[in-house]
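**Student:** One file: query.txt (compact mmCIF, C-alpha atoms (C1' of nucleotides)).
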```txt
# COMPACT_ATOMS: atom_id res chain seq x y z
CA MET R 1 -13.62 14.10 106.82
CA LYS R 2 -14.85 11.62 104.24
CA GLU R 3 -17.85 13.84 103.57
CA LEU R 4 -16.47 15.07 100.25
CA LEU R 5 -15.90 11.50 99.08
CA LYS R 6 -19.42 10.43 100.03
CA GLN R 7 -20.84 13.44 98.28
CA ASN R 8 -18.83 12.63 95.17
CA ILE R 9 -20.00 9.01 95.11
CA SER R 10 -23.61 10.07 95.60
CA SER R 11 -23.37 12.23 92.52
CA HIS R 12 -22.79 9.09 90.43
CA ILE R 13 -24.81 6.28 92.08
CA SER R 14 -27.09 5.86 95.08
CA LEU R 15 -25.99 3.74 98.01
CA SER R 16 -27.65 3.01 101.34
CA GLU R 17 -25.98 4.51 104.41
CA ASN R 18 -24.49 1.14 105.32
CA GLU R 19 -23.18 0.46 101.86
CA MET R 20 -21.62 3.91 101.79
CA GLU R 21 -20.02 3.46 105.20
CA ASP R 22 -18.63 0.05 104.32
CA PHE R 23 -17.19 1.25 101.06
CA CYS R 24 -15.68 4.43 102.45
CA LYS R 25 -14.00 2.50 105.27
CA LEU R 26 -11.74 0.99 102.61
CA PHE R 27 -10.08 4.37 102.00
CA GLN R 28 -7.08 5.55 103.96
CA SER R 29 -6.02 9.14 104.27
CA LYS R 30 -2.54 10.17 103.19
CA ILE R 31 -0.90 13.58 103.47
CA ILE R 32 1.50 14.59 100.72
CA GLN R 33 3.59 17.70 101.07
CA LYS R 34 4.18 19.98 98.11
CA LYS R 35 6.81 18.66 95.66
CA ASN R 36 6.43 15.12 96.95
CA PHE R 37 5.28 12.21 94.85
CA LEU R 38 2.29 9.94 95.11
CA LEU R 39 3.70 7.87 92.24
CA ARG R 40 6.93 7.82 90.25
CA GLU R 41 7.74 6.41 86.84
CA GLY R 42 8.69 2.74 87.08
CA GLU R 43 6.55 2.03 90.16
CA VAL R 44 3.37 -0.02 89.93
CA CYS R 45 0.40 2.13 90.89
CA LYS R 46 -1.18 0.38 93.86
CA PHE R 47 -3.99 2.79 94.53
CA GLU R 48 -6.89 4.76 93.27
CA GLY R 49 -7.11 8.10 95.01
CA PHE R 50 -9.61 10.82 95.77
CA VAL R 51 -8.24 14.29 96.45
CA THR R 52 -9.72 16.00 99.52
CA LYS R 53 -7.23 18.85 99.74
CA GLY R 54 -4.59 20.40 97.54
CA LEU R 55 -3.54 19.91 93.95
CA PHE R 56 -1.66 17.29 91.97
CA ARG R 57 -0.19 17.06 88.53
CA VAL R 58 -0.02 13.83 86.56
CA TYR R 59 2.72 13.92 83.97
CA HIS R 60 4.97 11.98 81.68
CA ILE R 61 8.57 12.74 80.76
CA ASP R 62 9.29 12.03 77.11
CA ASN R 63 12.52 10.85 75.48
CA ASN R 64 13.71 14.43 75.06
CA GLY R 65 13.25 15.13 78.74
CA PHE R 66 10.11 17.21 78.25
CA GLU R 67 7.20 17.06 80.61
CA GLN R 68 3.68 16.45 79.31
CA ILE R 69 0.95 17.04 81.85
CA LEU R 70 -1.89 14.60 81.32
CA TYR R 71 -4.15 16.22 83.87
CA PHE R 72 -4.39 18.09 87.13
CA ALA R 73 -6.40 16.92 90.11
CA ILE R 74 -7.80 19.19 92.77
CA GLU R 75 -10.29 18.64 95.57
CA ASN R 76 -13.14 16.31 94.53
CA TRP R 77 -11.16 14.72 91.68
CA TRP R 78 -10.03 11.14 91.37
CA ILE R 79 -6.44 10.30 90.65
CA THR R 80 -4.57 7.19 89.52
CA ASP R 81 -2.57 5.76 86.66
CA ILE R 82 -5.34 3.59 85.34
CA ASP R 83 -3.01 1.69 82.98
CA SER R 84 -0.49 0.78 85.66
CA PHE R 85 -3.18 0.14 88.27
CA THR R 86 -5.40 -2.18 86.24
CA ASN R 87 -2.64 -4.01 84.40
CA GLU R 88 -0.24 -4.05 87.36
CA LYS R 89 2.64 -2.85 85.26
CA PRO R 90 5.29 -0.16 85.86
CA SER R 91 3.90 3.32 85.44
CA GLN R 92 5.15 5.76 82.84
CA LEU R 93 3.77 8.62 84.88
CA PHE R 94 4.64 10.80 87.81
CA ILE R 95 1.99 12.05 90.21
CA GLU R 96 3.30 15.01 92.17
CA ALA R 97 1.72 17.31 94.71
CA ILE R 98 1.79 20.93 93.55
CA GLU R 99 0.41 22.09 96.90
CA ASP R 100 0.33 20.47 100.34
CA SER R 101 -2.36 17.88 99.76
CA GLU R 102 -4.46 15.11 101.18
CA VAL R 103 -5.80 12.07 99.35
CA LEU R 104 -8.00 9.14 100.31
CA LEU R 105 -6.52 5.95 98.88
CA ILE R 106 -8.09 2.58 98.14
CA SER R 107 -5.94 -0.43 97.31
CA LYS R 108 -6.50 -2.68 94.32
CA THR R 109 -7.50 -5.68 96.44
CA ASP R 110 -10.02 -3.66 98.45
CA LYS R 111 -11.45 -2.25 95.26
CA GLU R 112 -11.79 -5.70 93.69
CA LEU R 113 -13.43 -6.85 96.90
CA ALA R 114 -15.91 -4.01 96.70
CA TYR R 115 -16.69 -4.91 93.09
CA THR R 116 -17.69 -8.44 94.09
CA ASN R 117 -19.55 -7.50 97.26
CA LEU R 118 -21.44 -4.62 95.77
CA PRO R 119 -22.10 -4.50 92.01
CA LYS R 120 -23.05 -0.84 92.30
CA ILE R 121 -19.36 -0.10 92.88
CA GLU R 122 -18.61 -1.65 89.53
CA LYS R 123 -21.20 0.72 88.10
CA LEU R 124 -19.63 3.67 89.93
CA PHE R 125 -16.24 3.10 88.37
CA ARG R 126 -17.71 2.33 84.95
CA ILE R 127 -19.51 5.67 85.01
CA MET R 128 -16.46 7.52 86.27
CA THR R 129 -14.20 5.98 83.64
CA GLN R 130 -16.75 6.83 80.97
CA LYS R 131 -16.85 10.44 82.08
CA THR R 132 -13.10 10.87 82.11
CA HIS R 133 -12.98 9.16 78.74
CA VAL R 134 -15.51 11.59 77.28
CA ALA R 135 -13.51 14.50 78.67
CA LEU R 136 -10.28 13.18 77.19
CA GLN R 137 -12.00 12.63 73.84
CA ARG R 138 -13.05 16.27 73.81
CA ARG R 139 -9.56 17.38 74.70
CA MET R 140 -8.17 15.19 71.92
CA ILE R 141 -10.45 16.86 69.38
CA ASP R 142 -9.53 20.29 70.70
CA ASN R 143 -5.83 19.54 70.49
CA LEU R 144 -6.22 18.38 66.92
CA SER R 145 -8.32 21.29 65.77
CA LYS R 146 -7.42 24.37 67.80
CA THR R 147 -4.40 26.64 68.00
CA ALA R 148 -2.45 27.01 71.24
CA ASP R 149 -3.99 30.45 71.65
CA GLN R 150 -7.54 29.07 71.56
CA ARG R 151 -6.64 26.15 73.81
CA TYR R 152 -5.20 28.53 76.40
CA GLN R 153 -8.29 30.72 76.41
CA ASP R 154 -10.53 27.64 76.59
CA PHE R 155 -8.52 26.39 79.55
CA ILE R 156 -8.92 29.63 81.48
CA GLU R 157 -12.62 29.68 80.79
CA LYS R 158 -13.17 26.02 81.65
CA TYR R 159 -11.04 25.86 84.81
CA PRO R 160 -10.88 29.40 86.21
CA GLN R 161 -10.28 28.28 89.78
CA LEU R 162 -7.59 25.78 88.80
CA PHE R 163 -5.93 28.28 86.48
CA GLN R 164 -5.15 30.62 89.35
CA ARG R 165 -3.32 27.92 91.27
CA LEU R 166 -0.99 26.96 88.42
CA THR R 167 2.19 28.48 87.05
CA ASN R 168 2.51 29.24 83.34
CA LEU R 169 5.10 26.50 83.07
CA GLN R 170 2.52 23.98 84.24
CA ILE R 171 -0.20 25.30 81.97
CA ALA R 172 2.20 25.20 78.99
CA ALA R 173 3.09 21.58 79.77
CA TYR R 174 -0.64 20.78 79.82
CA LEU R 175 -1.33 22.60 76.55
CA GLY R 176 1.66 20.96 74.88
CA ILE R 177 3.55 24.16 74.09
CA SER R 178 6.76 25.82 75.31
CA HIS R 179 6.38 28.24 78.19
CA GLU R 180 8.08 30.93 76.13
CA PHE R 181 5.38 30.66 73.52
CA LEU R 182 2.70 30.76 76.20
CA SER R 183 4.28 33.96 77.42
CA LYS R 184 3.94 35.44 73.94
CA ILE R 185 0.33 34.34 73.71
CA ARG R 186 -0.37 36.04 77.04
CA LYS R 187 1.24 39.21 75.83
CA LYS R 188 -0.83 39.21 72.66
CA ILE R 189 -4.06 38.65 74.61
CA ALA R 190 -3.19 41.38 77.12
CA SER R 191 -2.52 43.90 74.35
CA LYS R 192 -5.98 43.27 72.88
CA ILE R 193 -7.85 44.31 76.01
CA MET N 194 -22.16 -15.18 62.69
CA LYS N 195 -21.93 -13.84 66.23
CA GLU N 196 -18.83 -15.94 66.78
CA LEU N 197 -16.51 -12.95 66.57
CA LEU N 198 -18.56 -11.07 69.17
CA LYS N 199 -18.53 -14.04 71.56
CA GLN N 200 -14.82 -14.42 71.12
CA ASN N 201 -14.31 -10.72 71.82
CA ILE N 202 -16.40 -10.84 75.00
CA SER N 203 -14.56 -13.94 76.19
CA SER N 204 -11.28 -12.09 75.92
CA HIS N 205 -12.50 -9.68 78.61
CA ILE N 206 -14.70 -11.72 81.00
CA SER N 207 -15.91 -15.31 81.33
CA LEU N 208 -19.58 -16.09 80.86
CA SER N 209 -21.45 -19.40 80.89
CA GLU N 210 -22.84 -20.56 77.55
CA ASN N 211 -26.33 -19.51 78.57
CA GLU N 212 -25.26 -16.09 79.75
CA MET N 213 -23.35 -15.58 76.53
CA GLU N 214 -26.30 -16.65 74.40
CA ASP N 215 -28.73 -14.45 76.30
CA PHE N 216 -26.50 -11.43 76.05
CA CYS N 217 -25.63 -11.88 72.38
CA LYS N 218 -29.32 -12.24 71.49
CA LEU N 219 -29.67 -8.56 72.34
CA PHE N 220 -27.54 -7.59 69.33
CA GLN N 221 -29.02 -7.00 65.91
CA SER N 222 -27.08 -7.10 62.70
CA LYS N 223 -27.02 -4.08 60.43
CA ILE N 224 -25.42 -3.76 57.00
CA ILE N 225 -23.99 -0.37 56.11
CA GLN N 226 -22.80 0.33 52.58
CA LYS N 227 -19.65 2.31 51.96
CA LYS N 228 -20.10 6.08 52.38
CA ASN N 229 -23.25 5.60 54.46
CA PHE N 230 -23.60 6.75 58.03
CA LEU N 231 -24.23 4.86 61.25
CA LEU N 232 -24.51 8.18 63.05
CA ARG N 233 -24.60 11.83 62.07
CA GLU N 234 -23.85 14.99 64.01
CA GLY N 235 -26.97 16.17 65.84
CA GLU N 236 -28.52 12.72 66.24
CA VAL N 237 -28.61 10.99 69.61
CA CYS N 238 -26.52 7.82 69.47
CA LYS N 239 -28.93 5.00 70.33
CA PHE N 240 -26.55 2.08 70.05
CA GLU N 241 -23.30 0.53 70.99
CA GLY N 242 -21.90 -1.43 68.04
CA PHE N 243 -19.47 -4.23 67.36
CA VAL N 244 -17.94 -4.35 63.89
CA THR N 245 -17.98 -7.80 62.27
CA LYS N 246 -17.07 -6.71 58.77
CA GLY N 247 -15.68 -3.61 57.08
CA LEU N 248 -14.27 -0.37 58.36
CA PHE N 249 -15.66 2.81 59.91
CA ARG N 250 -14.32 6.22 60.70
CA VAL N 251 -15.52 8.27 63.65
CA TYR N 252 -14.94 11.95 63.10
CA HIS N 253 -15.80 15.48 64.11
CA ILE N 254 -16.09 18.51 61.86
CA ASP N 255 -14.69 21.63 63.49
CA ASN N 256 -15.78 25.25 63.10
CA ASN N 257 -13.46 25.74 60.16
CA GLY N 258 -14.96 22.77 58.33
CA PHE N 259 -12.02 20.47 58.99
CA GLU N 260 -12.42 16.85 59.79
CA GLN N 261 -10.75 15.33 62.84
CA ILE N 262 -10.82 11.55 62.94
CA LEU N 263 -11.13 10.34 66.50
CA TYR N 264 -10.65 6.69 65.64
CA PHE N 265 -11.18 3.98 63.07
CA ALA N 266 -13.02 0.75 63.77
CA ILE N 267 -12.45 -2.48 61.86
CA GLU N 268 -13.58 -6.06 62.52
CA ASN N 269 -13.51 -6.93 66.22
CA TRP N 270 -13.68 -3.32 67.36
CA TRP N 271 -16.46 -1.61 69.29
CA ILE N 272 -17.99 1.59 68.06
CA THR N 273 -20.24 4.26 69.57
CA ASP N 274 -20.31 7.88 70.60
CA ILE N 275 -20.01 7.19 74.28
CA ASP N 276 -20.83 10.80 75.22
CA SER N 277 -24.04 10.94 73.19
CA PHE N 278 -25.02 7.38 74.09
CA THR N 279 -24.61 7.62 77.85
CA ASN N 280 -25.87 11.17 78.28
CA GLU N 281 -28.57 10.90 75.61
CA LYS N 282 -27.55 14.15 74.02
CA PRO N 283 -27.02 15.12 70.37
CA SER N 284 -23.79 13.78 68.98
CA GLN N 285 -20.96 15.98 67.72
CA LEU N 286 -19.63 13.07 65.69
CA PHE N 287 -20.17 11.31 62.41
CA ILE N 288 -19.71 7.56 62.10
CA GLU N 289 -19.29 6.62 58.46
CA ALA N 290 -18.56 3.34 56.70
CA ILE N 291 -15.33 3.53 54.70
CA GLU N 292 -16.01 0.06 53.27
CA ASP N 293 -19.18 -2.04 52.93
CA SER N 294 -19.63 -3.05 56.53
CA GLU N 295 -21.62 -5.01 59.05
CA VAL N 296 -22.17 -4.16 62.71
CA LEU N 297 -23.96 -5.83 65.58
CA LEU N 298 -25.93 -3.24 67.52
CA ILE N 299 -27.28 -3.22 71.04
CA SER N 300 -29.74 -0.58 72.19
CA LYS N 301 -29.35 1.47 75.34
CA THR N 302 -32.36 -0.13 77.04
CA ASP N 303 -31.16 -3.65 76.28
CA LYS N 304 -27.72 -2.78 77.54
CA GLU N 305 -29.10 -1.32 80.77
CA LEU N 306 -31.22 -4.45 81.15
CA ALA N 307 -28.15 -6.63 80.76
CA TYR N 308 -26.36 -4.55 83.40
CA THR N 309 -29.06 -5.29 85.93
CA ASN N 310 -29.57 -8.95 85.02
CA LEU N 311 -25.90 -9.81 84.84
CA PRO N 312 -23.35 -7.76 86.78
CA LYS N 313 -20.56 -9.32 84.73
CA ILE N 314 -21.77 -7.22 81.80
CA GLU N 315 -21.18 -4.14 83.86
CA LYS N 316 -17.66 -5.45 84.41
CA LEU N 317 -17.25 -6.09 80.68
CA PHE N 318 -18.02 -2.53 79.75
CA ARG N 319 -15.99 -1.13 82.62
CA ILE N 320 -12.97 -3.07 81.39
CA MET N 321 -13.56 -2.07 77.77
CA THR N 322 -13.95 1.60 78.64
CA GLN N 323 -10.80 1.44 80.73
CA LYS N 324 -8.85 -0.06 77.87
CA THR N 325 -9.98 2.51 75.33
CA HIS N 326 -9.26 5.20 77.90
CA VAL N 327 -5.70 3.94 78.37
CA ALA N 328 -5.21 3.87 74.60
CA LEU N 329 -6.51 7.41 74.24
CA GLN N 330 -4.28 8.58 77.08
CA ARG N 331 -1.25 7.17 75.26
CA ARG N 332 -2.33 8.85 72.05
CA MET N 333 -2.76 12.12 73.91
CA ILE N 334 0.80 11.93 75.24
CA ASP N 335 2.11 11.03 71.78
CA ASN N 336 0.30 13.93 70.20
CA LEU N 337 1.74 16.30 72.75
CA SER N 338 5.30 15.04 72.55
CA LYS N 339 5.92 13.71 69.05
CA THR N 340 6.27 15.30 65.63
CA ALA N 341 3.88 14.43 62.80
CA ASP N 342 6.66 12.41 61.20
CA GLN N 343 7.07 10.19 64.26
CA ARG N 344 3.32 9.86 64.74
CA TYR N 345 2.91 8.70 61.15
CA GLN N 346 5.61 6.08 61.47
CA ASP N 347 4.18 4.91 64.80
CA PHE N 348 0.76 4.60 63.19
CA ILE N 349 2.06 2.40 60.37
CA GLU N 350 3.92 0.22 62.82
CA LYS N 351 1.02 -0.06 65.23
CA TYR N 352 -1.78 -0.66 62.73
CA PRO N 353 -0.17 -2.15 59.60
CA GLN N 354 -3.31 -3.91 58.43
CA LEU N 355 -5.52 -0.88 59.00
CA PHE N 356 -3.00 1.43 57.32
CA GLN N 357 -3.36 -0.39 54.02
CA ARG N 358 -7.08 0.13 53.94
CA LEU N 359 -6.96 3.90 54.47
CA THR N 360 -6.26 6.83 52.16
CA ASN N 361 -3.65 9.39 53.09
CA LEU N 362 -6.42 11.94 53.55
CA GLN N 363 -7.91 9.75 56.26
CA ILE N 364 -4.59 9.11 57.95
CA ALA N 365 -3.78 12.84 57.90
CA ALA N 366 -7.16 13.63 59.50
CA TYR N 367 -6.35 11.09 62.22
CA LEU N 368 -2.85 12.46 62.83
CA GLY N 369 -4.15 16.02 62.92
CA ILE N 370 -2.10 17.33 59.97
CA SER N 371 -2.87 18.51 56.43
CA HIS N 372 -2.73 15.82 53.75
CA GLU N 373 -0.22 17.93 51.82
CA PHE N 374 2.16 17.82 54.74
CA LEU N 375 1.64 14.06 55.07
CA SER N 376 2.59 13.78 51.43
CA LYS N 377 5.83 15.62 52.15
CA ILE N 378 6.55 13.39 55.13
CA ARG N 379 6.03 10.33 52.92
CA LYS N 380 8.43 11.69 50.36
CA LYS N 381 11.10 12.34 52.97
CA ILE N 382 10.74 8.83 54.40
CA ALA N 383 10.86 7.26 50.92
CA SER N 384 14.04 9.12 50.04
CA LYS N 385 15.76 7.77 53.14
CA ILE N 386 15.34 4.11 52.18
C1' DT T 387 -13.48 2.06 28.63
C1' DT T 388 -13.78 6.68 28.91
C1' DG T 389 -15.03 10.64 31.31
C1' DA T 390 -15.64 12.36 35.91
C1' DT T 391 -14.36 12.46 40.51
C1' DT T 392 -11.39 11.68 44.17
C1' DT T 393 -6.79 11.26 45.90
C1' DA T 394 -1.89 12.31 45.91
C1' DT T 395 2.13 15.19 44.87
C1' DT T 396 4.78 19.34 44.58
C1' DG T 397 6.43 24.17 45.24
C1' DA T 398 6.24 28.76 47.11
C1' DA T 399 4.81 31.86 50.54
C1' DC T 400 3.14 32.06 54.97
C1' DT T 401 1.88 31.10 60.05
C1' DT T 402 2.54 28.79 64.18
C1' DG T 403 5.38 27.29 67.46
C1' DT T 404 10.48 26.13 69.16
C1' DT T 405 15.02 27.00 70.77
C1' DC T 406 18.47 29.47 72.94
C1' DA T 407 20.23 33.05 75.53
C1' DA T 408 19.79 37.12 78.22
C1' DT T 409 17.11 39.79 81.61
C1' DT T 410 13.47 40.79 84.84
C1' DT T 411 10.09 39.53 88.15
C1' DT T 412 8.24 36.69 91.65
C1' DT T 413 8.46 33.31 95.16
C1' DT T 414 10.77 30.64 98.51
C1' DT T 415 13.75 29.82 102.19
C1' DG T 416 17.15 30.50 105.79
C1' DC K 417 14.74 40.76 105.36
C1' DA K 418 18.22 39.22 102.10
C1' DA K 419 19.89 35.84 99.17
C1' DA K 420 18.83 32.19 96.26
C1' DA K 421 15.89 29.76 93.37
C1' DA K 422 12.14 29.41 90.36
C1' DA K 423 9.12 31.51 87.06
C1' DA K 424 8.14 34.80 83.47
C1' DT K 425 9.37 37.79 79.60
C1' DT K 426 11.59 39.10 75.40
C1' DG K 427 14.03 38.92 70.87
C1' DA K 428 16.23 36.69 67.13
C1' DA K 429 16.98 32.76 64.37
C1' DC K 430 15.04 28.60 63.21
C1' DA K 431 11.87 24.38 62.38
C1' DA K 432 7.37 22.41 61.84
C1' DG K 433 3.28 22.57 59.70
C1' DT K 434 -0.41 25.20 56.68
C1' DT K 435 -2.40 27.23 52.73
C1' DC K 436 -3.15 27.82 48.07
C1' DA K 437 -2.78 26.63 43.49
C1' DA K 438 -1.41 23.71 39.87
C1' DT K 439 -0.70 19.06 38.13
C1' DA K 440 -0.54 14.07 38.08
C1' DA K 441 -2.23 9.63 39.36
C1' DA K 442 -5.70 6.53 40.79
C1' DT K 443 -10.43 5.10 41.33
C1' DC K 444 -15.30 5.12 40.30
C1' DA K 445 -19.45 5.09 37.69
C1' DA K 446 -22.02 4.90 33.49
```
Before anything else, please render the file you have as structure tokens.
**Tutor:**
Amino acid sequence: MKELLKQNISSHISLSENEMEDFCKLFQSKIIQKKNFLLREGEVCKFEGFVTKGLFRVYHIDNNGFEQILYFAIENWWITDIDSFTNEKPSQLFIEAIEDSEVLLISKTDKELAYTNLPKIEKLFRIMTQKTHVALQRRMIDNLSKTADQRYQDFIEKYPQLFQRLTNLQIAAYLGISHEFLSKIRKKIASKI
Amino acid sequence: MKELLKQNISSHISLSENEMEDFCKLFQSKIIQKKNFLLREGEVCKFEGFVTKGLFRVYHIDNNGFEQILYFAIENWWITDIDSFTNEKPSQLFIEAIEDSEVLLISKTDKELAYTNLPKIEKLFRIMTQKTHVALQRRMIDNLSKTADQRYQDFIEKYPQLFQRLTNLQIAAYLGISHEFLSKIRKKIASKI
DNA sequence: TTGATTTATTGAACTTGTTCAATTTTTTTG
DNA sequence: CAAAAAAATTGAACAAGTTCAATAAATCAA
């Protein structure tokens, strides 16, 4: 059941079987039904999670009541509010299950413990944070330089499997546009084929 | 001369005097005159840098020839293309000195060495990457939810000292808007006072 | 210090994206 | 399966931001 997690860790660093076992023991499985929350705004994020089943959206609600989706997380992705988790402050984000889902959670204390016991874990999370940072940097550049139309087509191309599991409302909230405008983009694209 | 660097490191982790000395020895000073480059698109980024004097801009040029500024770095800030540096691939970014500047550079091999010799260095860079990631995440949300007007005013409020050292062209390239539009925003704000 | 270059401002026409409201289509749930 | 809820589409009027071109102001280099 923790096979996917072990596989994911192995793709970043190499651990002995014992080290892997010991580290993975620190994770606890949690089932979250569709439309339920792993985290709500105002709560302190007490976990770092690894999705083994389902799909989550991580979003923020701005002052005008609009939703901005920071990212989605499907199987084999990590999920947390890194700001709230590391600084132990109230989160500004919601993490909601879009499908019936399962996550493996590790608490902050267990993670800190792992850092001290096994420096390779520190390396693991440094590498992971670096990778997500690089991805976000690319998205930042794209958002600054591309039109909504281009960003939509890039999204479909980059995440074809994810795309099929999302509604247009969710994709629009990720792209930072209204769903009506996304609808018009889709129409324009369809007419070109 | 490396006082600022030591101070910066101490704000993230605690090292003994010896550890600090040994680590800081790995950095070499480099002077970069205004309008010169620390890194150009296509080159592999061989360093991680710490700015001790001056001001840099880190930017990308898109397919239409437009500049997007990812971030600025002044004294006490770190600077690198983390994607190019960690994955040893050609950079998509330019790093250019906006003022006569000085940076302390550490090479990839020396940094890797430090990681192995002193796990606390791994922690240092994990913490730093996390912090820049959190900052970028906030900027991402702001870019998705706020108008250019708001983003400009936020920028001035957040980085008042940096703001004074930049041209409006540079600020516009950071905010992701044309400098003409920034000019109009400035006029509107001025008329309200 | 003057000429050259870069930066900033402005206006007009245009494009991209939003808002609101009405309608249709799809999905969910009892 | 039927009713209700959620998602998607469409059009019209509007707002945000761009583009281009002309001019002014500031800075740089000889």
**Student:** Can you work out the spacing between CA of Tyr345 in chain N and CA of Ile382 in chain N in Å, to one decimal?
**Tutor:**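 Result for CA of Tyr345 in chain N versus CA of Ile382 in chain N: 10.3 Å, one decimal.
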**Student:** Residues of chain R were defined as contacting chain K if any atom lay at most 10 Å from it, counting all atoms listed in the file; please report them as number ranges by chain.
**Tutor:** R: 167-169, 179-180, 182-184, 187
**Student:** Considering all atoms listed in the file, return as a list of chain:residue names whatever protein or nucleic-acid residues lie within 10 Å of Asn310 in chain N, sequence-local ones (same chain, fewer than 6 positions apart) excluded.
**Tutor:**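 Listing them by chain and then by number gives N:Glu212, N:Phe216, N:Lys304.
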**Student:** May I ask for the distance between CA of Met213 in chain N and CA of Lys195 in chain N, given in Å to one decimal place?
**Tutor:** 10.5 Å
**Student:** I need every residue sitting at most 12 Å from the point (-7.4, 23.5, 107.0) (coordinates as in the file, all atoms listed in the file considered), written as a compact mmCIF listing (two decimals) with C-alpha atoms, in the frame of the given file.
**Tutor:**
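The resulting file, point_25.txt, is shown below:
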```txt
# COMPACT_ATOMS: atom_id res chain seq x y z
CA MET R 1 -13.62 14.10 106.82
CA THR R 52 -9.72 16.00 99.52
CA LYS R 53 -7.23 18.85 99.74
CA GLY R 54 -4.59 20.40 97.54
CA ASP R 100 0.33 20.47 100.34
CA SER R 101 -2.36 17.88 99.76
CA GLU R 102 -4.46 15.11 101.18
```
**Student:** Based on all atoms listed in the file, which of the residues in chain N come within 6 Å of chain R? I want them as a ChimeraX atom specification.
**Tutor:** /N:276,319,326-327,337,369
